[in-house]
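One file, data39.txt, carrying compact mmCIF, C-alpha atoms and all ligand atoms:
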```txt
# COMPACT_ATOMS: atom_id res chain seq x y z
CA MET C 7 -14.59 -10.70 15.35
CA GLU C 8 -16.60 -7.52 15.57
CA LEU C 9 -20.32 -7.90 14.96
CA LEU C 10 -21.82 -4.51 15.77
CA ARG C 11 -20.27 -1.10 16.14
CA LEU C 12 -22.01 2.13 17.04
CA CYS C 13 -20.24 5.42 16.73
CA ASN C 14 -21.46 8.71 18.23
CA ILE C 15 -25.15 7.81 18.21
CA THR C 16 -27.30 10.79 19.17
CA LYS C 17 -31.04 10.96 19.67
CA THR C 18 -33.14 13.89 20.87
CA TYR C 19 -36.90 13.77 21.37
CA ARG C 20 -38.15 17.24 20.51
CA SER C 21 -40.96 18.51 22.66
CA SER C 22 -44.25 18.97 20.87
CA GLY C 23 -46.98 21.52 21.51
CA ILE C 24 -46.71 25.25 21.09
CA LEU C 25 -48.21 26.62 24.26
CA ARG C 26 -46.84 24.37 26.97
CA ARG C 27 -43.31 23.80 25.83
CA ARG C 28 -41.43 21.11 27.64
CA PRO C 29 -37.69 20.83 27.27
CA ASP C 30 -36.28 18.48 24.62
CA VAL C 31 -35.13 15.08 25.89
CA HIS C 32 -31.55 14.25 24.98
CA ALA C 33 -32.09 10.50 25.10
CA LEU C 34 -28.64 9.59 23.73
CA ARG C 35 -25.51 11.69 23.37
CA ASP C 36 -22.51 10.45 21.39
CA VAL C 37 -22.96 6.82 22.33
CA SER C 38 -20.24 4.54 20.95
CA LEU C 39 -19.94 0.82 21.64
CA HIS C 40 -19.27 -2.52 20.01
CA VAL C 41 -20.35 -6.14 20.42
CA ASN C 42 -18.19 -9.01 19.21
CA ARG C 43 -19.30 -12.34 17.84
CA SER C 44 -20.26 -14.75 20.67
CA GLU C 45 -20.02 -11.96 23.20
CA ILE C 46 -22.61 -10.92 25.79
CA VAL C 47 -22.51 -7.23 26.56
CA GLY C 48 -24.68 -5.65 29.24
CA LEU C 49 -26.13 -2.18 28.79
CA VAL C 50 -27.12 -1.07 32.27
CA GLY C 51 -28.54 2.08 33.81
CA ALA C 52 -31.51 3.41 35.70
CA SER C 53 -34.96 3.72 34.16
CA GLY C 54 -35.17 6.51 31.59
CA CYS C 55 -31.44 6.65 30.81
CA GLY C 56 -31.94 5.76 27.14
CA LYS C 57 -31.41 1.99 27.03
CA SER C 58 -34.54 1.07 25.08
CA THR C 59 -34.04 3.98 22.70
CA LEU C 60 -30.61 2.60 21.86
CA GLY C 61 -32.09 -0.90 21.42
CA ARG C 62 -34.68 0.42 18.97
CA ILE C 63 -32.01 2.31 17.04
CA ILE C 64 -29.89 -0.84 16.75
CA LEU C 65 -32.97 -2.73 15.51
CA ARG C 66 -33.59 0.22 13.23
CA LEU C 67 -37.14 0.56 14.46
CA GLU C 68 -36.22 4.16 15.11
CA ARG C 69 -33.76 6.52 13.45
CA ALA C 70 -30.84 8.16 15.19
CA ASP C 71 -30.31 11.90 14.69
CA GLY C 72 -26.62 11.36 14.21
CA GLY C 73 -23.91 8.75 14.31
CA LYS C 74 -23.01 5.59 12.47
CA LEU C 75 -23.77 1.90 12.76
CA TRP C 76 -21.73 -0.93 11.34
CA LEU C 77 -22.95 -4.53 11.18
CA ASN C 78 -20.34 -7.08 10.15
CA GLU C 79 -18.13 -4.14 9.22
CA ARG C 80 -20.69 -2.70 6.81
CA GLU C 81 -21.91 0.82 7.44
CA MET C 82 -25.66 0.37 7.58
CA PHE C 83 -27.25 3.82 7.90
CA HIS C 84 -25.37 4.76 4.78
CA ALA C 85 -26.06 1.52 2.91
CA GLU C 86 -29.77 1.56 3.74
CA PRO C 87 -30.68 5.08 4.74
CA ARG C 88 -34.36 4.42 5.41
CA ARG C 89 -35.76 1.25 6.88
CA ALA C 90 -33.87 -1.85 7.85
CA SER C 91 -33.71 -4.31 4.98
CA PHE C 92 -34.87 -7.88 5.13
CA ALA C 93 -31.26 -8.98 5.28
CA TYR C 94 -30.65 -6.72 8.26
CA ARG C 95 -33.71 -8.12 10.06
CA SER C 96 -32.43 -11.64 9.61
CA LEU C 97 -29.13 -10.71 11.27
CA VAL C 98 -30.42 -8.62 14.19
CA GLN C 99 -33.42 -9.61 16.30
CA MET C 100 -34.95 -8.25 19.48
CA ILE C 101 -36.56 -9.82 22.53
CA PHE C 102 -38.86 -7.54 24.48
CA GLN C 103 -39.70 -7.22 28.12
CA ASP C 104 -43.33 -8.27 28.08
CA PRO C 105 -43.88 -11.90 27.08
CA PHE C 106 -47.64 -11.42 27.49
CA ALA C 107 -47.93 -8.59 24.97
CA SER C 108 -45.52 -10.02 22.41
CA LEU C 109 -47.58 -13.07 21.40
CA ASN C 110 -50.91 -13.07 19.58
CA PRO C 111 -53.57 -14.87 21.66
CA ALA C 112 -55.44 -15.94 18.53
CA HIS C 113 -52.59 -18.05 17.21
CA SER C 114 -50.75 -21.19 18.22
CA VAL C 115 -47.08 -21.34 19.12
CA ALA C 116 -46.38 -23.06 15.79
CA TYR C 117 -47.94 -20.13 13.92
CA HIS C 118 -45.67 -17.65 15.68
CA LEU C 119 -42.61 -19.62 14.62
CA GLU C 120 -43.78 -20.43 11.09
CA ARG C 121 -44.40 -16.80 10.23
CA PRO C 122 -40.77 -15.62 10.22
CA LEU C 123 -39.72 -18.84 8.45
CA LEU C 124 -42.29 -18.15 5.76
CA ARG C 125 -41.53 -14.44 5.39
CA HIS C 126 -37.82 -15.05 5.11
CA GLY C 127 -38.27 -18.05 2.82
CA LEU C 128 -36.41 -20.31 5.23
CA ALA C 129 -38.60 -23.38 4.98
CA THR C 130 -40.85 -25.07 2.46
CA GLN C 131 -44.31 -26.33 3.38
CA GLY C 132 -42.94 -29.79 4.08
CA GLU C 133 -40.18 -28.52 6.35
CA PHE C 134 -42.20 -26.25 8.64
CA LYS C 135 -43.07 -28.85 11.21
CA LYS C 136 -39.50 -30.03 11.66
CA ARG C 137 -38.12 -26.49 11.82
CA VAL C 138 -40.70 -25.50 14.44
CA HIS C 139 -39.89 -28.57 16.50
CA ASP C 140 -36.16 -27.86 16.22
CA LEU C 141 -36.70 -24.30 17.44
CA LEU C 142 -38.83 -25.45 20.39
CA HIS C 143 -36.17 -27.97 21.28
CA MET C 144 -33.49 -25.29 21.13
CA VAL C 145 -35.31 -23.17 23.72
CA GLY C 146 -36.27 -26.11 25.91
CA LEU C 147 -40.03 -26.12 25.29
CA THR C 148 -40.90 -29.80 25.43
CA PRO C 149 -42.68 -32.00 24.55
CA VAL C 150 -42.34 -30.16 21.28
CA GLU C 151 -45.44 -31.62 19.59
CA ARG C 152 -47.68 -30.41 22.38
CA MET C 153 -45.96 -27.05 22.74
CA ALA C 154 -46.29 -26.37 19.00
CA GLN C 155 -50.08 -26.78 19.22
CA ALA C 156 -50.46 -24.74 22.41
CA TYR C 157 -51.99 -21.28 22.54
CA PRO C 158 -50.23 -18.51 24.46
CA TYR C 159 -52.89 -18.35 27.21
CA VAL C 160 -51.98 -21.78 28.52
CA LEU C 161 -48.29 -20.85 28.81
CA SER C 162 -46.50 -19.31 31.79
CA GLY C 163 -44.54 -16.05 31.46
CA GLY C 164 -41.28 -17.98 31.26
CA GLN C 165 -42.65 -20.30 28.56
CA ARG C 166 -43.90 -17.32 26.55
CA GLN C 167 -40.52 -15.67 26.75
CA ARG C 168 -39.04 -18.92 25.41
CA VAL C 169 -41.44 -18.74 22.46
CA ALA C 170 -40.35 -15.15 21.84
CA ILE C 171 -36.71 -16.27 21.93
CA ALA C 172 -37.47 -19.15 19.53
CA ARG C 173 -39.20 -16.71 17.19
CA ALA C 174 -36.13 -14.45 17.24
CA LEU C 175 -33.91 -17.47 16.50
CA ALA C 176 -36.07 -18.62 13.58
CA VAL C 177 -34.27 -16.36 11.09
CA ASN C 178 -30.76 -17.41 12.26
CA PRO C 179 -29.71 -14.02 13.63
CA ARG C 180 -26.13 -13.21 14.60
CA LEU C 181 -27.09 -10.56 17.17
CA ILE C 182 -29.94 -10.47 19.65
CA VAL C 183 -30.87 -7.34 21.56
CA ALA C 184 -32.75 -8.39 24.69
CA ASP C 185 -34.51 -5.45 26.37
CA GLU C 186 -35.19 -6.35 30.02
CA PRO C 187 -36.03 -9.95 29.02
CA THR C 188 -36.52 -11.19 32.58
CA SER C 189 -37.88 -8.19 34.44
CA MET C 190 -41.54 -9.23 34.14
CA LEU C 191 -40.89 -12.83 35.14
CA ASP C 192 -41.01 -14.45 38.56
CA VAL C 193 -37.65 -14.38 40.28
CA SER C 194 -37.57 -18.20 40.25
CA ILE C 195 -37.79 -18.27 36.44
CA ARG C 196 -35.35 -15.44 35.68
CA MET C 197 -32.31 -17.64 36.12
CA ASP C 198 -33.70 -20.24 33.67
CA ILE C 199 -34.04 -17.62 30.94
CA LEU C 200 -30.56 -16.22 31.63
CA ASN C 201 -29.14 -19.75 31.45
CA LEU C 202 -30.96 -20.31 28.17
CA LEU C 203 -29.41 -17.15 26.71
CA ALA C 204 -25.98 -18.27 27.92
CA ARG C 205 -26.43 -21.65 26.24
CA LEU C 206 -27.58 -20.05 22.97
CA ARG C 207 -24.50 -17.87 22.91
CA ARG C 208 -22.35 -21.00 23.22
CA GLU C 209 -24.28 -23.17 20.78
CA GLN C 210 -25.17 -20.57 18.16
CA GLU C 211 -22.20 -18.22 18.61
CA LEU C 212 -24.69 -15.43 19.06
CA GLY C 213 -23.75 -11.92 20.06
CA LEU C 214 -26.10 -10.58 22.72
CA LEU C 215 -26.76 -7.09 23.99
CA LEU C 216 -28.54 -7.47 27.32
CA ILE C 217 -30.36 -4.30 28.25
CA THR C 218 -31.25 -4.21 31.92
CA HIS C 219 -31.59 -2.08 35.02
CA ASP C 220 -30.82 -5.21 37.05
CA LEU C 221 -27.10 -5.36 37.75
CA ALA C 222 -27.38 -8.77 39.36
CA SER C 223 -28.66 -10.32 36.09
CA ALA C 224 -26.05 -8.40 34.12
CA ARG C 225 -23.30 -9.67 36.39
CA TYR C 226 -24.52 -13.24 36.04
CA LEU C 227 -24.63 -13.26 32.25
CA THR C 228 -22.37 -10.66 30.68
CA ASP C 229 -18.71 -10.53 29.65
CA ARG C 230 -18.61 -6.78 29.48
CA LEU C 231 -20.68 -3.96 30.95
CA ILE C 232 -21.56 -0.57 29.56
CA VAL C 233 -23.07 1.90 32.03
CA LEU C 234 -25.42 4.54 30.67
CA ASN C 235 -26.46 7.60 32.66
CA GLN C 236 -28.86 10.12 31.13
CA GLY C 237 -27.92 9.17 27.60
CA VAL C 238 -24.16 9.18 28.17
CA ILE C 239 -21.85 6.18 28.59
CA VAL C 240 -20.09 6.83 31.89
CA GLU C 241 -18.16 3.60 32.22
CA SER C 242 -17.43 0.33 30.43
CA GLY C 243 -15.18 -2.66 30.84
CA PRO C 244 -15.04 -6.36 31.75
CA THR C 245 -18.04 -7.09 33.98
CA GLU C 246 -16.11 -8.17 37.06
CA SER C 247 -13.73 -5.21 36.99
CA VAL C 248 -16.60 -2.72 36.66
CA ILE C 249 -18.46 -4.38 39.54
CA ASN C 250 -15.45 -4.77 41.80
CA GLY C 251 -13.89 -1.40 41.12
CA PRO C 252 -16.31 1.07 39.60
CA LYS C 253 -14.52 4.19 38.39
CA ASP C 254 -17.56 6.36 37.91
CA PRO C 255 -19.61 7.60 40.88
CA TYR C 256 -22.87 6.79 39.08
CA THR C 257 -21.82 3.14 38.66
CA ALA C 258 -20.95 3.01 42.34
CA LEU C 259 -24.40 4.35 43.13
CA LEU C 260 -26.09 1.68 40.98
CA LEU C 261 -24.02 -0.96 42.75
CA ASP C 262 -24.95 0.38 46.17
CA ALA C 263 -28.58 0.02 45.25
CA ILE C 264 -28.22 -3.74 44.75
CA ARG C 265 -25.83 -4.29 47.66
CA ASN C 266 -27.68 -2.31 50.27
CA PRO C 267 -30.29 -4.60 51.83
CA ARG C 268 -32.06 -1.65 53.42
CA LEU C 269 -33.22 -0.56 49.99
CA GLU C 270 -34.88 -3.92 49.44
CA ARG C 271 -37.01 -3.64 52.56
CA ARG C 272 -40.44 -2.17 52.47
CA PRO C 273 -41.15 0.74 54.85
CA SER C 274 -42.93 -0.40 58.00
N1 LIG R 301 -41.10 8.29 21.73
C1 LIG R 301 -40.63 9.12 22.68
N2 LIG R 301 -40.99 10.43 22.70
C2 LIG R 301 -40.52 11.28 23.63
N3 LIG R 301 -39.65 10.93 24.59
C3 LIG R 301 -39.25 9.65 24.64
C4 LIG R 301 -39.72 8.67 23.68
N4 LIG R 301 -39.15 7.48 23.98
C5 LIG R 301 -38.37 7.69 25.06
N5 LIG R 301 -38.42 8.98 25.46
C6 LIG R 301 -37.66 9.58 26.57
O1 LIG R 301 -36.30 9.31 26.36
C7 LIG R 301 -35.64 8.98 27.58
C8 LIG R 301 -35.05 7.59 27.47
O2 LIG R 301 -36.10 6.64 27.43
P1 LIG R 301 -35.83 5.06 27.29
O3 LIG R 301 -34.91 4.82 26.16
O4 LIG R 301 -37.14 4.38 27.25
O5 LIG R 301 -35.09 4.72 28.67
P2 LIG R 301 -34.85 3.32 29.42
O6 LIG R 301 -35.16 2.23 28.47
O7 LIG R 301 -33.43 3.35 29.86
O8 LIG R 301 -35.78 3.32 30.60
C9 LIG R 301 -36.71 9.12 28.66
O9 LIG R 301 -36.59 10.39 29.23
C10 LIG R 301 -37.99 8.95 27.92
O10 LIG R 301 -39.03 9.65 28.57
MG MG R 302 -36.48 0.58 28.69
```
In structure tokens, how does this file's structure come out?
Ligand SMILES: Nc1ncnc2c1ncn2[C@@H]1O[C@H](COP(=O)(O)OP(=O)(O)O)[C@@H](O)[C@H]1O
Ligand SMILES: [Mg+2]
Amino acid sequence: MELLRLCNITKTYRSSGILRRRPDVHALRDVSLHVNRSEIVGLVGASGCGKSTLGRIILRLERADGGKLWLNEREMFHAEPRRASFAYRSLVQMIFQDPFASLNPAHSVAYHLERPLLRHGLATQGEFKKRVHDLLHMVGLTPVERMAQAYPYVLSGGQRQRVAIARALAVNPRLIVADEPTSMLDVSIRMDILNLLARLRREQELGLLLITHDLASARYLTDRLIVLNQGVIVESGPTESVINGPKDPYTALLLDAIRNPRLERRPS
């Protein structure tokens, strides 16, 4: 079943300033894609190709210049022309790259998880504790009683990212957009977070759009890949077929970058 569909999404950042005019940035040009229920789709491409812009447009944190967006077969830009509604927010959630910036140091883990429950009216005063514990359990932050009371500064990057994932799950979303969710984490922890996302897809039937410049992570987790180059989709298909037989030269170049060990080595 189709969860999200984008059709011909276009976004241009106009240059500002009168004297020193810089050229406009065509961040996205006619981008069309879809994500099905329980499907993990990877949006890959080099830095600056427009991935995060597309993520923000899907979250409706930013407006597209043109194109359409359907969620659960409902045309959303038309239905809600301005800001995303509460209902939309409860269906689509985002996880950001930086687990250190995304949590408030002044508040406990429990506070971060209670807030969306409260705002969306998803729990009464008596139910908060259990809901928070359930969420912590779901993302593997145990013992849950201790984790609920903890403040972000005592948590590792991986644990903070788990809190951010739990917070996204609090409102029972159907789609999660994860923008480089593991790129600021230690290599040893990346796999744990990818495995957590894989388990959530299975258990919660979540759709996931994984935005990443890291093809190795995308290969590990995704069913389908979409390759973006300078705001244009140059290739898409089942992950293994794109990786084993890239049709576009840009995809081949991205693949070379992860396969070629010489590029990993520092200059001596
Ligand atoms: N708010 C903005 N104002 C002007 N240009 C922007 C803005 N956000 C992104 N851009 C530009 O749009 C292009 C795509 O950026 P982005 O979506 O962040 O790429 P990615 O996430 O793939 O690295 C880049 O050239 C970037 O400089
Ligand atoms: Mg980005």
>> Could you list, as a VMD selection string, all protein and nucleic acid residues with an atom at most 6 Å from ligand LIG 301 (chain R), counting all atoms listed in the file?
In response: chain C and resid 19 31 33 53 to 59
Tell me, as a compact mmCIF listing (two decimals) with C-alpha atoms, keeping the file's coordinate frame, which residues lie within 7 Å of Glu186 of chain C, counting only C-alpha atoms; anything in the same chain fewer than 6 positions away does not count.
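In the end it all went to result_20.txt:
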```txt
# COMPACT_ATOMS: atom_id res chain seq x y z
CA PHE C 102 -38.86 -7.54 24.48
CA GLN C 103 -39.70 -7.22 28.12
CA ILE C 217 -30.36 -4.30 28.25
CA THR C 218 -31.25 -4.21 31.92
```
> For Arg196 of chain C, which of C:Arg27, C:Arg168, C:Arg173, C:Lys135 is the closest residue, counting only C-alpha atoms?
Replying inline: C:Arg168
> Looking at C:Leu191, C:Leu161, C:Val50, C:Val240, which one is nearest to ligand MG 302 (chain R), with distances taken over only C-alpha atoms and all ligand atoms?
Replying inline: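 For ligand MG 302 (chain R), the nearest of the given residues is C:Val50.
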>> Taking 3 positions as the minimum chain separation for residues in the same chain, which residues sit within 10 Å of Ala90 of chain C when counting only C-alpha atoms? Answer as a ChimeraX atom specification.
In response: /C:64-68,82-83,85-87,93-95,98
